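Asks: Please find upload.cif (mmCIF, C-alpha atoms (C1' of nucleotides)) on the next line:
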```cif
data_structure
loop_
_atom_site.label_atom_id
_atom_site.label_comp_id
_atom_site.auth_asym_id
_atom_site.auth_seq_id
_atom_site.Cartn_x
_atom_site.Cartn_y
_atom_site.Cartn_z
CA MET A 202 69.47 110.18 66.69
CA PHE A 203 69.30 111.65 70.19
CA SER A 204 66.68 114.14 71.33
CA LYS A 205 67.74 117.75 71.87
CA ALA A 206 67.36 117.14 75.59
CA CYS A 207 69.79 114.25 75.37
CA GLU A 208 72.32 116.20 73.31
CA TYR A 209 72.22 118.98 75.90
CA ALA A 210 72.48 116.43 78.71
CA ILE A 211 75.64 114.87 77.35
CA ARG A 212 77.26 118.20 76.58
CA ALA A 213 76.28 119.63 79.97
CA VAL A 214 77.64 116.70 81.90
CA MET A 215 80.88 116.76 79.93
CA PHE A 216 81.12 120.47 80.61
CA VAL A 217 80.63 119.97 84.33
CA ALA A 218 83.20 117.18 84.28
CA GLN A 219 85.70 119.54 82.69
CA LYS A 220 84.99 122.53 84.92
CA SER A 221 84.40 120.98 88.30
CA LYS A 222 87.88 119.74 89.07
CA ASP A 223 88.90 119.52 92.75
CA GLY A 224 85.58 120.26 94.36
CA ALA A 225 84.63 123.27 92.28
CA ARG A 226 81.00 123.77 91.36
CA VAL A 227 79.48 125.10 88.18
CA GLY A 228 76.33 127.21 88.04
CA ILE A 229 73.56 126.48 85.58
CA ARG A 230 74.12 129.81 83.92
CA GLU A 231 77.76 129.06 83.22
CA ILE A 232 76.82 125.63 81.95
CA ALA A 233 74.19 126.98 79.58
CA LYS A 234 76.63 129.50 78.19
CA GLY A 235 79.40 126.95 78.03
CA ILE A 236 77.43 124.61 75.82
CA ASP A 237 75.31 127.26 74.07
CA SER A 238 71.92 125.97 75.19
CA PRO A 239 68.68 127.29 76.74
CA GLU A 240 69.34 127.75 80.43
CA HIS A 241 66.05 126.70 81.99
CA PHE A 242 65.62 123.77 79.69
CA VAL A 243 69.00 122.39 80.59
CA ALA A 244 68.28 123.11 84.26
CA LYS A 245 65.30 120.76 84.06
CA ILE A 246 67.37 118.07 82.45
CA LEU A 247 70.12 118.35 85.04
CA GLN A 248 67.56 118.19 87.85
CA ASP A 249 66.46 114.92 86.38
CA LEU A 250 70.01 113.60 86.10
CA SER A 251 70.59 114.77 89.64
CA ARG A 252 67.64 112.81 90.99
CA LYS A 253 69.00 109.76 89.20
CA GLY A 254 72.39 110.30 90.79
CA VAL A 255 74.57 110.74 87.71
CA ILE A 256 75.30 114.35 88.59
CA GLN A 257 75.53 116.09 91.94
CA SER A 258 74.22 119.50 92.95
CA GLN A 259 74.38 121.87 95.85
CA LYS A 260 71.99 124.76 96.54
CA GLY A 261 72.90 128.15 97.88
CA PRO A 262 75.90 130.45 97.57
CA SER A 263 78.93 128.73 96.10
CA GLY A 264 76.55 125.97 95.10
CA GLY A 265 76.16 124.50 91.66
CA PHE A 266 76.65 121.25 89.83
CA TYR A 267 79.58 118.89 90.13
CA LEU A 268 80.48 115.24 89.67
CA ASP A 269 81.66 112.85 92.32
CA ASP A 270 84.11 110.09 91.42
CA ARG A 271 81.38 107.65 90.65
CA SER A 272 79.61 110.09 88.34
CA LEU A 273 82.85 110.96 86.57
CA ASN A 274 83.09 107.35 85.55
CA ALA A 275 79.47 107.01 84.53
CA SER A 276 79.02 106.05 80.90
CA LEU A 277 77.28 108.08 78.26
CA ALA A 278 74.90 105.15 78.00
CA ASP A 279 73.72 105.94 81.53
CA ILE A 280 72.91 109.50 80.50
CA VAL A 281 71.22 108.50 77.28
CA ARG A 282 69.12 105.88 79.02
CA ILE A 283 67.87 108.38 81.58
CA VAL A 284 66.99 111.06 79.07
CA ASP A 285 65.87 109.13 75.98
CA GLY A 286 65.10 105.70 77.38
CA ASP A 287 66.64 102.62 75.86
CA ASP A 288 64.91 102.66 72.53
CA ILE A 289 68.20 103.49 70.88
CA PHE A 290 69.80 100.40 72.41
CA THR A 291 67.07 97.92 71.68
CA GLY A 292 64.46 99.45 69.40
CA CYS A 293 63.62 98.39 65.86
CA ALA A 294 64.87 100.63 63.05
CA LEU A 295 61.44 100.60 61.45
CA GLY A 296 59.52 101.08 64.67
CA LEU A 297 58.10 97.56 64.99
CA LYS A 298 57.34 96.64 68.59
CA GLN A 299 57.69 92.94 68.03
CA CYS A 300 60.75 92.97 65.85
CA SER A 301 63.04 90.12 66.88
CA GLU A 302 65.24 87.32 65.61
CA ALA A 303 62.09 85.25 65.26
CA LYS A 304 60.03 87.94 63.52
CA PRO A 305 62.54 90.35 62.04
CA CYS A 306 61.88 93.48 60.03
CA PRO A 307 63.82 93.76 56.77
CA LEU A 308 66.59 95.75 58.40
CA HIS A 309 66.79 93.75 61.59
CA HIS A 310 70.00 91.79 61.09
CA GLU A 311 72.05 94.51 59.45
CA PHE A 312 70.78 97.17 61.78
CA LYS A 313 71.64 95.12 64.81
CA LYS A 314 75.34 95.58 64.08
CA ILE A 315 75.04 99.33 63.93
CA ARG A 316 72.96 99.48 67.07
CA ASP A 317 75.45 97.27 68.86
CA ASP A 318 78.37 99.43 67.75
CA LEU A 319 76.58 102.47 69.05
CA SER A 320 75.73 100.75 72.33
CA HIS A 321 79.32 99.71 72.71
CA LEU A 322 80.57 103.22 72.10
CA LEU A 323 78.17 104.77 74.59
CA GLN A 324 78.74 102.07 77.14
CA HIS A 325 82.51 102.39 76.99
CA THR A 326 82.76 106.13 76.90
CA SER A 327 82.80 107.87 80.24
CA VAL A 328 81.51 111.28 81.06
CA GLY A 329 84.87 112.47 82.34
CA GLU A 330 87.38 111.21 79.82
CA PHE A 331 87.45 114.28 77.56
CA SER A 332 88.32 116.93 80.13
CA THR A 333 91.97 117.30 79.18
CA GLN A 334 91.26 117.60 75.49
CA LEU A 335 88.47 120.07 76.17
CA ASP A 336 90.88 122.13 78.27
CA ARG A 337 93.34 122.16 75.40
CA ASN A 338 90.74 123.20 72.83
CA ARG A 339 91.15 120.00 70.94
CA LEU A 340 87.49 119.23 71.48
CA PHE A 341 84.44 121.50 71.65
CA LEU A 342 81.02 121.52 73.26
CA LYS A 343 79.36 124.46 71.57
CA ARG A 344 78.33 125.89 68.18
CA MET B 131 66.77 107.23 65.07
CA PHE B 132 64.21 107.83 62.33
CA SER B 133 61.02 109.83 62.74
CA LYS B 134 57.72 107.96 62.80
CA ALA B 135 57.02 109.42 59.37
CA CYS B 136 60.25 107.92 58.08
CA GLU B 137 59.60 104.51 59.63
CA TYR B 138 56.17 104.46 57.98
CA ALA B 139 57.67 105.65 54.72
CA ILE B 140 60.19 102.83 54.53
CA ARG B 141 57.67 100.20 55.56
CA ALA B 142 55.07 101.54 53.13
CA VAL B 143 57.42 101.59 50.19
CA MET B 144 58.66 98.09 50.95
CA PHE B 145 55.05 96.97 51.19
CA VAL B 146 54.22 98.49 47.83
CA ALA B 147 57.32 96.90 46.35
CA GLN B 148 56.16 93.52 47.58
CA LYS B 149 52.52 93.84 46.52
CA SER B 150 52.76 95.68 43.22
CA LYS B 151 54.35 93.01 41.09
CA ASP B 152 53.56 93.05 37.36
CA GLY B 153 51.70 96.31 37.14
CA ALA B 154 49.40 95.82 40.11
CA ARG B 155 48.51 98.81 42.25
CA VAL B 156 48.01 99.03 45.95
CA GLY B 157 45.46 101.31 47.64
CA ILE B 158 46.38 103.49 50.58
CA ARG B 159 43.96 101.57 52.78
CA GLU B 160 45.60 98.25 52.04
CA ILE B 161 49.00 99.79 52.64
CA ALA B 162 47.98 101.26 56.00
CA LYS B 163 46.59 97.92 57.11
CA GLY B 164 49.56 96.04 55.73
CA ILE B 165 52.03 98.01 57.77
CA ASP B 166 49.74 98.78 60.74
CA SER B 167 49.87 102.55 60.48
CA PRO B 168 47.51 105.56 60.42
CA GLU B 169 46.02 105.72 56.96
CA HIS B 170 45.84 109.46 56.33
CA PHE B 171 49.21 110.12 57.83
CA VAL B 172 50.86 107.60 55.56
CA ALA B 173 48.88 109.00 52.64
CA LYS B 174 50.52 112.38 53.22
CA ILE B 175 53.93 110.84 53.33
CA LEU B 176 53.38 108.85 50.13
CA GLN B 177 52.12 111.98 48.37
CA ASP B 178 55.41 113.57 49.25
CA LEU B 179 57.41 110.59 48.03
CA SER B 180 55.31 110.58 44.90
CA ARG B 181 56.09 114.23 44.14
CA LYS B 182 59.76 113.39 44.57
CA GLY B 183 59.43 110.49 42.17
CA VAL B 184 60.46 107.57 44.38
CA ILE B 185 56.98 106.08 44.24
CA GLN B 186 54.32 106.20 41.54
CA SER B 187 50.60 106.68 41.90
CA GLN B 188 47.49 106.57 39.81
CA LYS B 189 44.13 108.10 40.68
CA GLY B 190 40.71 106.63 40.00
CA PRO B 191 39.31 103.10 39.91
CA SER B 192 41.98 100.42 39.85
CA GLY B 193 44.39 103.19 40.81
CA GLY B 194 46.77 103.13 43.72
CA PHE B 195 50.48 103.15 44.40
CA TYR B 196 53.13 101.19 42.62
CA LEU B 197 56.83 101.32 41.82
CA ASP B 198 58.42 101.57 38.42
CA ASP B 199 61.74 99.86 37.77
CA ARG B 200 63.71 102.89 38.76
CA SER B 201 61.86 103.26 42.05
CA LEU B 202 62.25 99.57 42.84
CA ASN B 203 65.97 100.14 42.77
CA ALA B 204 65.90 103.32 44.79
CA SER B 205 67.88 103.11 48.00
CA LEU B 206 66.51 103.50 51.48
CA ALA B 207 68.82 106.48 51.74
CA ASP B 208 66.71 108.23 49.11
CA ILE B 209 63.59 107.70 51.19
CA VAL B 210 65.23 108.74 54.43
CA ARG B 211 66.65 111.85 52.86
CA ILE B 212 63.27 112.95 51.56
CA VAL B 213 61.44 112.37 54.82
CA ASP B 214 64.00 113.18 57.50
CA GLY B 215 66.56 115.23 55.62
CA ASP B 216 70.22 114.31 55.74
CA ASP B 217 70.90 115.05 59.36
CA ILE B 218 71.32 111.36 60.01
CA PHE B 219 73.99 111.14 57.32
CA THR B 220 75.97 114.22 58.23
CA GLY B 221 74.77 115.60 61.58
CA CYS B 222 76.76 115.81 64.80
CA ALA B 223 75.86 113.31 67.51
CA LEU B 224 75.73 116.09 70.08
CA GLY B 225 73.84 118.53 67.88
CA LEU B 226 76.71 120.92 67.15
CA LYS B 227 76.23 122.79 63.91
CA GLN B 228 79.92 123.40 63.39
CA CYS B 229 81.22 120.01 64.38
CA SER B 230 83.95 118.98 61.96
CA GLU B 231 87.39 117.43 61.74
CA ALA B 232 88.82 120.83 62.56
CA LYS B 233 86.48 121.54 65.49
CA PRO B 234 85.23 118.16 66.62
CA CYS B 235 82.84 117.37 69.45
CA PRO B 236 84.03 114.67 71.86
CA LEU B 237 82.21 111.95 69.96
CA HIS B 238 83.07 113.14 66.49
CA HIS B 239 85.67 110.60 65.42
CA GLU B 240 84.09 107.53 66.93
CA PHE B 241 80.63 108.52 65.88
CA LYS B 242 81.71 109.06 62.32
CA LYS B 243 82.27 105.34 61.91
CA ILE B 244 78.80 104.50 63.07
CA ARG B 245 77.21 107.16 60.92
CA ASP B 246 79.17 105.94 57.92
CA ASP B 247 78.12 102.35 58.54
CA LEU B 248 74.52 103.45 58.70
CA SER B 249 74.88 105.55 55.56
CA HIS B 250 76.45 102.62 53.78
CA LEU B 251 73.65 100.31 54.83
CA LEU B 252 70.93 102.71 53.69
CA GLN B 253 72.73 103.59 50.51
CA HIS B 254 73.23 99.97 49.52
CA THR B 255 69.83 98.64 50.45
CA SER B 256 67.15 98.93 47.82
CA VAL B 257 63.48 99.35 48.37
CA GLY B 258 62.64 96.24 46.41
CA GLU B 259 65.10 93.65 47.57
CA PHE B 260 63.04 92.11 50.36
CA SER B 261 59.91 91.21 48.43
CA THR B 262 60.60 87.50 48.21
CA GLN B 263 61.39 87.15 51.88
CA LEU B 264 58.31 89.17 52.77
CA ASP B 265 56.22 86.87 50.60
CA ARG B 266 57.63 83.87 52.42
CA ASN B 267 56.98 85.35 55.86
CA ARG B 268 60.64 85.42 56.66
CA LEU B 269 60.42 89.17 57.15
CA PHE B 270 57.67 91.37 58.55
CA LEU B 271 56.45 94.93 58.18
CA LYS B 272 53.95 95.18 61.00
CA ARG B 273 53.50 94.85 64.78
"C1'" DA C 198 27.64 111.90 30.20
"C1'" DC C 199 27.46 109.68 34.81
"C1'" DA C 200 28.52 107.18 38.86
"C1'" DA C 201 32.05 105.11 41.34
"C1'" DT C 202 36.70 104.99 42.79
"C1'" DA C 203 41.01 106.48 44.66
"C1'" DA C 204 44.71 109.73 45.29
"C1'" DA C 205 45.65 114.84 46.25
"C1'" DA C 206 44.96 118.62 48.86
"C1'" DG C 207 43.29 121.45 52.64
"C1'" DA C 208 42.11 122.23 57.23
"C1'" DT C 209 42.16 120.99 61.99
"C1'" DA C 210 43.21 118.50 66.14
"C1'" DA C 211 45.95 116.11 69.52
"C1'" DA C 212 50.22 114.98 71.53
"C1'" DA C 213 54.95 115.50 72.41
"C1'" DA C 214 59.13 118.07 72.55
"C1'" DT C 215 61.29 122.28 73.31
"C1'" DC C 216 61.76 126.49 75.62
"C1'" DT C 217 60.53 130.41 79.07
"C1'" DC C 218 59.12 132.64 83.21
"C1'" DT C 219 57.95 132.74 88.16
"C1'" DT C 220 57.92 131.04 92.79
"C1'" DT C 221 59.83 128.10 96.34
"C1'" DT C 222 63.36 125.82 99.02
"C1'" DA C 223 67.92 125.05 100.76
"C1'" DT C 224 72.37 126.93 101.92
"C1'" DT C 225 75.95 130.20 102.98
"C1'" DC C 226 77.89 134.08 105.05
"C1'" DG C 227 78.01 138.32 107.47
"C1'" DC D 224 68.94 136.14 112.47
"C1'" DG D 225 68.68 138.22 107.75
"C1'" DA D 226 70.20 139.01 103.11
"C1'" DA D 227 72.01 136.98 99.12
"C1'" DT D 228 72.66 133.04 96.23
"C1'" DA D 229 71.59 129.10 93.48
"C1'" DA D 230 69.14 124.89 92.52
"C1'" DA D 231 64.31 122.80 92.61
"C1'" DA D 232 59.83 123.01 91.42
"C1'" DG D 233 55.68 124.73 89.22
"C1'" DA D 234 53.27 126.63 85.49
"C1'" DG D 235 52.80 128.06 80.88
"C1'" DA D 236 53.90 129.09 76.03
"C1'" DT D 237 55.63 127.79 71.58
"C1'" DT D 238 56.91 124.72 68.06
"C1'" DT D 239 57.13 120.38 65.88
"C1'" DT D 240 55.43 115.94 65.14
"C1'" DT D 241 51.84 112.89 64.64
"C1'" DA D 242 47.20 111.97 63.43
"C1'" DT D 243 42.30 112.79 61.72
"C1'" DC D 244 38.61 114.53 58.94
"C1'" DT D 245 36.72 116.79 54.83
"C1'" DT D 246 36.74 118.45 50.18
"C1'" DT D 247 38.67 118.39 45.59
"C1'" DT D 248 40.61 116.43 41.44
"C1'" DA D 249 41.67 112.83 38.23
"C1'" DT D 250 40.46 108.45 36.17
"C1'" DT D 251 37.80 104.45 34.98
"C1'" DG D 252 34.08 101.78 33.33
"C1'" DT D 253 29.18 101.74 32.30
#
```
Can the structure in the file be given as structure tokens, please?
Replies:
Amino acid sequence: MFSKACEYAIRAVMFVAQKSKDGARVGIREIAKGIDSPEHFVAKILQDLSRKGVIQSQKGPSGGFYLDDRSLNASLADIVRIVDGDDIFTGCALGLKQCSEAKPCPLHHEFKKIRDDLSHLLQHTSVGEFSTQLDRNRLFLKR
Amino acid sequence: MFSKACEYAIRAVMFVAQKSKDGARVGIREIAKGIDSPEHFVAKILQDLSRKGVIQSQKGPSGGFYLDDRSLNASLADIVRIVDGDDIFTGCALGLKQCSEAKPCPLHHEFKKIRDDLSHLLQHTSVGEFSTQLDRNRLFLKR
DNA sequence: ACAATAAAAGATAAAAATCTCTTTTATTCG
DNA sequence: CGAATAAAAGAGATTTTTATCTTTTATTGT
């Protein structure tokens, strides 16, 4: 469904959202441990997200990653689009480049519904909305 | 969503279903052209499907691939499972191995619906049911 | 039996994704 | 300023996926 990079990206950003309340910052090492992922690989991904402005970072002592208000309200769709592109939102199930209403693949019409449901979910889910439940161990980001 | 191999697999099997009416057989070359895919790569995939019994093949002159009645009624889920495994049916959206009702990831509950819809679609769509529409150029398997 | 045909199998190559290690740059604090 | 810290950037290494090429095996029809 999503690439590994994208899975890590979503988990990492959710982790930062949970841990970086009131101005706190989270180091890449803590993030990697917190979501059980390869540190340097996730670092790369977060650098990318940082350049695109959906996560914030600060170098130096007491530096780390955090989310400003705007980023907290970013949608998962924003993250997915940056990491995996928008194939998942618009692509053909069978990989046809020209698949469309006019020239549909056999799964086009039925698959459209599923793709749209997924798009809707990602578009309407924000990065920050799970923090409380994560705090309470109702939801998990590792294993 | 699906791997390239799986996209080719589905398209190839649908193509064979369409072209191998009343005992006819379809060569790998014709298949590759018919679905616009790399010939040898698809050959490998079909060999695999053949070993698993969801497609039939015959060597030698006038040989090729075809589908018996049972295979014509195989579901897309069967194909997907053989080529991509059942991660798409059961896997966690965020890649957690232990994601479950008891220890859910943040997307678990919502994602379940989408995964189930997709499973249902694949499970209830047969390999052979599009032949007529493909014949009539209402549906397409290439480009 | 023999030649032609077509899938099966084996071996390799190329590309992309995933992961690791090292060096550089920016920032803080004493 | 100088040392320590932490992200950014650069450079590889490994693994997986995708694709190609060659040889072998089975089958058919002459």
Asks: Would you write out, as a ChimeraX atom specification, every residue that the PyMOL selection byres ((chain D and resi 230-243) around 12) captures in this file?
Replies: /A:226-230,241,244-249,251-252,257-266 /B:133-136,138,167-175,214 /C:208-224 /D:228-229,244-245
Asks: Using the chain letters and numbers from the file, give me the residues hit by the PyMOL selection byres ((chain B) within 9 of (chain A)), as a compact mmCIF listing (two decimals) with C-alpha atoms, keeping the file's coordinate frame.
Replies:
```txt
# COMPACT_ATOMS: atom_id res chain seq x y z
CA MET B 131 66.77 107.23 65.07
CA PHE B 132 64.21 107.83 62.33
CA LYS B 134 57.72 107.96 62.80
CA CYS B 136 60.25 107.92 58.08
CA GLU B 137 59.60 104.51 59.63
CA TYR B 138 56.17 104.46 57.98
CA ILE B 140 60.19 102.83 54.53
CA ARG B 141 57.67 100.20 55.56
CA MET B 144 58.66 98.09 50.95
CA ASP B 217 70.90 115.05 59.36
CA ILE B 218 71.32 111.36 60.01
CA ALA B 223 75.86 113.31 67.51
CA LEU B 224 75.73 116.09 70.08
CA GLY B 225 73.84 118.53 67.88
CA LEU B 226 76.71 120.92 67.15
CA LYS B 227 76.23 122.79 63.91
CA GLN B 228 79.92 123.40 63.39
CA CYS B 229 81.22 120.01 64.38
CA ALA B 232 88.82 120.83 62.56
CA LYS B 233 86.48 121.54 65.49
CA PRO B 234 85.23 118.16 66.62
CA CYS B 235 82.84 117.37 69.45
CA PRO B 236 84.03 114.67 71.86
CA GLU B 240 84.09 107.53 66.93
CA PHE B 241 80.63 108.52 65.88
CA ILE B 244 78.80 104.50 63.07
CA ARG B 245 77.21 107.16 60.92
CA ASP B 247 78.12 102.35 58.54
CA LEU B 248 74.52 103.45 58.70
CA LEU B 251 73.65 100.31 54.83
CA PHE B 260 63.04 92.11 50.36
CA GLN B 263 61.39 87.15 51.88
CA LEU B 264 58.31 89.17 52.77
CA ASN B 267 56.98 85.35 55.86
CA ARG B 268 60.64 85.42 56.66
CA LEU B 269 60.42 89.17 57.15
CA PHE B 270 57.67 91.37 58.55
CA LEU B 271 56.45 94.93 58.18
CA LYS B 272 53.95 95.18 61.00
CA ARG B 273 53.50 94.85 64.78
```
Asks: Could you state which residues are captured by the PyMOL selection byres ((chain C) within 10 of (chain B)) in this file, as a PDB file with C-alpha atoms (C1' of nucleotides), keeping the file's coordinate frame?
Replies:
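Ended up saving to result-v2.pdb:
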```pdb
ATOM      1  C1'  DA C 201      32.050 105.110  41.340  1.00  0.00           C
ATOM      2  C1'  DT C 202      36.700 104.990  42.790  1.00  0.00           C
ATOM      3  C1'  DA C 203      41.010 106.480  44.660  1.00  0.00           C
ATOM      4  C1'  DA C 204      44.710 109.730  45.290  1.00  0.00           C
ATOM      5  C1'  DA C 205      45.650 114.840  46.250  1.00  0.00           C
ATOM      6  C1'  DA C 206      44.960 118.620  48.860  1.00  0.00           C
TER       7       DA C 206
END
```
Asks: With all Cα atoms paired residue by residue, do a least-squares superposition of chain B on chain A and hand back the transformed coordinates as a tab-separated table (two decimals) with C-alpha atoms, in the coordinates of the input.
Replies:
```
chain	number	residue	atom	x	y	z
B	131	MET	CA	69.48	110.16	66.70
B	132	PHE	CA	69.29	111.67	70.18
B	133	SER	CA	66.68	114.15	71.33
B	134	LYS	CA	67.73	117.75	71.88
B	135	ALA	CA	67.34	117.12	75.60
B	136	CYS	CA	69.79	114.25	75.36
B	137	GLU	CA	72.32	116.21	73.31
B	138	TYR	CA	72.21	118.99	75.91
B	139	ALA	CA	72.46	116.44	78.70
B	140	ILE	CA	75.64	114.87	77.35
B	141	ARG	CA	77.23	118.22	76.58
B	142	ALA	CA	76.26	119.63	79.97
B	143	VAL	CA	77.63	116.71	81.91
B	144	MET	CA	80.87	116.75	79.94
B	145	PHE	CA	81.11	120.47	80.61
B	146	VAL	CA	80.62	119.97	84.32
B	147	ALA	CA	83.19	117.18	84.28
B	148	GLN	CA	85.69	119.53	82.69
B	149	LYS	CA	85.01	122.54	84.91
B	150	SER	CA	84.42	120.97	88.31
B	151	LYS	CA	87.90	119.73	89.07
B	152	ASP	CA	88.90	119.52	92.74
B	153	GLY	CA	85.59	120.25	94.36
B	154	ALA	CA	84.62	123.26	92.27
B	155	ARG	CA	80.99	123.76	91.35
B	156	VAL	CA	79.49	125.08	88.18
B	157	GLY	CA	76.33	127.21	88.03
B	158	ILE	CA	73.54	126.47	85.60
B	159	ARG	CA	74.13	129.81	83.89
B	160	GLU	CA	77.76	129.06	83.21
B	161	ILE	CA	76.82	125.62	81.95
B	162	ALA	CA	74.18	126.98	79.58
B	163	LYS	CA	76.63	129.50	78.18
B	164	GLY	CA	79.41	126.95	78.01
B	165	ILE	CA	77.42	124.61	75.84
B	166	ASP	CA	75.29	127.25	74.06
B	167	SER	CA	71.91	125.98	75.19
B	168	PRO	CA	68.68	127.29	76.76
B	169	GLU	CA	69.35	127.76	80.44
B	170	HIS	CA	66.06	126.69	82.01
B	171	PHE	CA	65.63	123.76	79.71
B	172	VAL	CA	69.03	122.39	80.62
B	173	ALA	CA	68.28	123.09	84.28
B	174	LYS	CA	65.29	120.75	84.06
B	175	ILE	CA	67.36	118.07	82.47
B	176	LEU	CA	70.13	118.35	85.07
B	177	GLN	CA	67.55	118.17	87.87
B	178	ASP	CA	66.45	114.90	86.39
B	179	LEU	CA	70.00	113.60	86.12
B	180	SER	CA	70.60	114.76	89.65
B	181	ARG	CA	67.63	112.80	91.00
B	182	LYS	CA	69.00	109.75	89.21
B	183	GLY	CA	72.39	110.29	90.79
B	184	VAL	CA	74.58	110.73	87.71
B	185	ILE	CA	75.31	114.34	88.60
B	186	GLN	CA	75.54	116.09	91.95
B	187	SER	CA	74.24	119.48	92.95
B	188	GLN	CA	74.39	121.87	95.83
B	189	LYS	CA	72.03	124.76	96.51
B	190	GLY	CA	72.92	128.17	97.87
B	191	PRO	CA	75.94	130.45	97.53
B	192	SER	CA	78.97	128.74	96.05
B	193	GLY	CA	76.58	125.96	95.08
B	194	GLY	CA	76.17	124.50	91.64
B	195	PHE	CA	76.67	121.23	89.83
B	196	TYR	CA	79.59	118.90	90.10
B	197	LEU	CA	80.47	115.24	89.67
B	198	ASP	CA	81.65	112.85	92.32
B	199	ASP	CA	84.11	110.10	91.41
B	200	ARG	CA	81.38	107.66	90.63
B	201	SER	CA	79.60	110.09	88.31
B	202	LEU	CA	82.84	110.98	86.55
B	203	ASN	CA	83.08	107.36	85.55
B	204	ALA	CA	79.47	107.02	84.52
B	205	SER	CA	79.02	106.05	80.90
B	206	LEU	CA	77.26	108.07	78.26
B	207	ALA	CA	74.88	105.15	78.02
B	208	ASP	CA	73.69	105.94	81.54
B	209	ILE	CA	72.89	109.50	80.51
B	210	VAL	CA	71.21	108.49	77.28
B	211	ARG	CA	69.12	105.89	79.03
B	212	ILE	CA	67.85	108.38	81.59
B	213	VAL	CA	66.97	111.05	79.06
B	214	ASP	CA	65.86	109.12	75.99
B	215	GLY	CA	65.08	105.70	77.38
B	216	ASP	CA	66.63	102.61	75.86
B	217	ASP	CA	64.91	102.67	72.52
B	218	ILE	CA	68.20	103.50	70.87
B	219	PHE	CA	69.80	100.42	72.41
B	220	THR	CA	67.05	97.94	71.70
B	221	GLY	CA	64.46	99.49	69.38
B	222	CYS	CA	63.62	98.39	65.84
B	223	ALA	CA	64.88	100.62	63.04
B	224	LEU	CA	61.45	100.58	61.43
B	225	GLY	CA	59.53	101.08	64.66
B	226	LEU	CA	58.12	97.56	64.99
B	227	LYS	CA	57.34	96.66	68.57
B	228	GLN	CA	57.68	92.94	68.00
B	229	CYS	CA	60.76	92.96	65.83
B	230	SER	CA	63.04	90.12	66.90
B	231	GLU	CA	65.23	87.33	65.60
B	232	ALA	CA	62.11	85.24	65.23
B	233	LYS	CA	60.04	87.93	63.49
B	234	PRO	CA	62.55	90.34	62.03
B	235	CYS	CA	61.89	93.48	60.02
B	236	PRO	CA	63.85	93.76	56.76
B	237	LEU	CA	66.61	95.75	58.41
B	238	HIS	CA	66.80	93.74	61.60
B	239	HIS	CA	70.02	91.80	61.10
B	240	GLU	CA	72.06	94.52	59.47
B	241	PHE	CA	70.79	97.17	61.79
B	242	LYS	CA	71.65	95.13	64.83
B	243	LYS	CA	75.34	95.58	64.09
B	244	ILE	CA	75.05	99.32	63.95
B	245	ARG	CA	72.97	99.49	67.09
B	246	ASP	CA	75.45	97.27	68.89
B	247	ASP	CA	78.37	99.43	67.77
B	248	LEU	CA	76.58	102.48	69.06
B	249	SER	CA	75.72	100.76	72.34
B	250	HIS	CA	79.32	99.71	72.72
B	251	LEU	CA	80.56	103.22	72.10
B	252	LEU	CA	78.16	104.77	74.62
B	253	GLN	CA	78.74	102.05	77.15
B	254	HIS	CA	82.50	102.38	77.00
B	255	THR	CA	82.75	106.14	76.92
B	256	SER	CA	82.80	107.88	80.26
B	257	VAL	CA	81.50	111.29	81.05
B	258	GLY	CA	84.84	112.47	82.34
B	259	GLU	CA	87.36	111.23	79.84
B	260	PHE	CA	87.47	114.27	77.57
B	261	SER	CA	88.30	116.94	80.12
B	262	THR	CA	91.94	117.31	79.18
B	263	GLN	CA	91.24	117.60	75.49
B	264	LEU	CA	88.47	120.09	76.17
B	265	ASP	CA	90.88	122.14	78.26
B	266	ARG	CA	93.35	122.15	75.39
B	267	ASN	CA	90.74	123.19	72.83
B	268	ARG	CA	91.15	119.98	70.93
B	269	LEU	CA	87.47	119.23	71.49
B	270	PHE	CA	84.44	121.49	71.65
B	271	LEU	CA	81.02	121.51	73.27
B	272	LYS	CA	79.38	124.45	71.57
B	273	ARG	CA	78.37	125.91	68.18
```
Asks: Between atom CA of Ile209 of chain B and atom CA of His254 of chain B, what is the distance in Å, rounded to a tenth?
Replies: 12.5 Å
Asks: Work out how far apart atom CA of Leu179 of chain B and atom CA of Asp208 of chain B are and give it in Å to one decimal.
Replies: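 Between atom CA of Leu179 of chain B and atom CA of Asp208 of chain B the gap works out to 9.7 Å.
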Asks: Rounded to one decimal, what separation in Å do you get between atom CA of Thr291 of chain A and atom CA of Ser327 of chain A?
Replies: 20.5 Å
Asks: Which chain D residues are at most 6 Å from chain B (counting all atoms listed in the file), as a list in words?
Replies: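 Result: DA249, DT250 and DT251 of chain D.
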Asks: Nearest residue to Ala218 of chain A out of A:Asp269, A:Leu277, A:Phe290, A:Glu231, using all atoms listed in the file?
Replies: A:Asp269
Asks: Can you sort out the box for segment 291-299 of chain A, edges along x, y and z, all listed atoms in, 8 Å on every side, with centre and edge lengths in Å to one decimal, as lines of an AutoDock Vina configuration file?
Replies:
```
center_x = 62.2
center_y = 97.0
center_z = 66.6
size_x = 25.7
size_y = 24.1
size_z = 26.2
```
Asks: Within 10 Å of Gly329 of chain A, counting all atoms listed in the file, which residues show up once you throw out same-chain ones fewer than 6 positions away? Write them as a PyMOL selection string, please.
Replies: chain A and resi 214-219+268+270+272-277
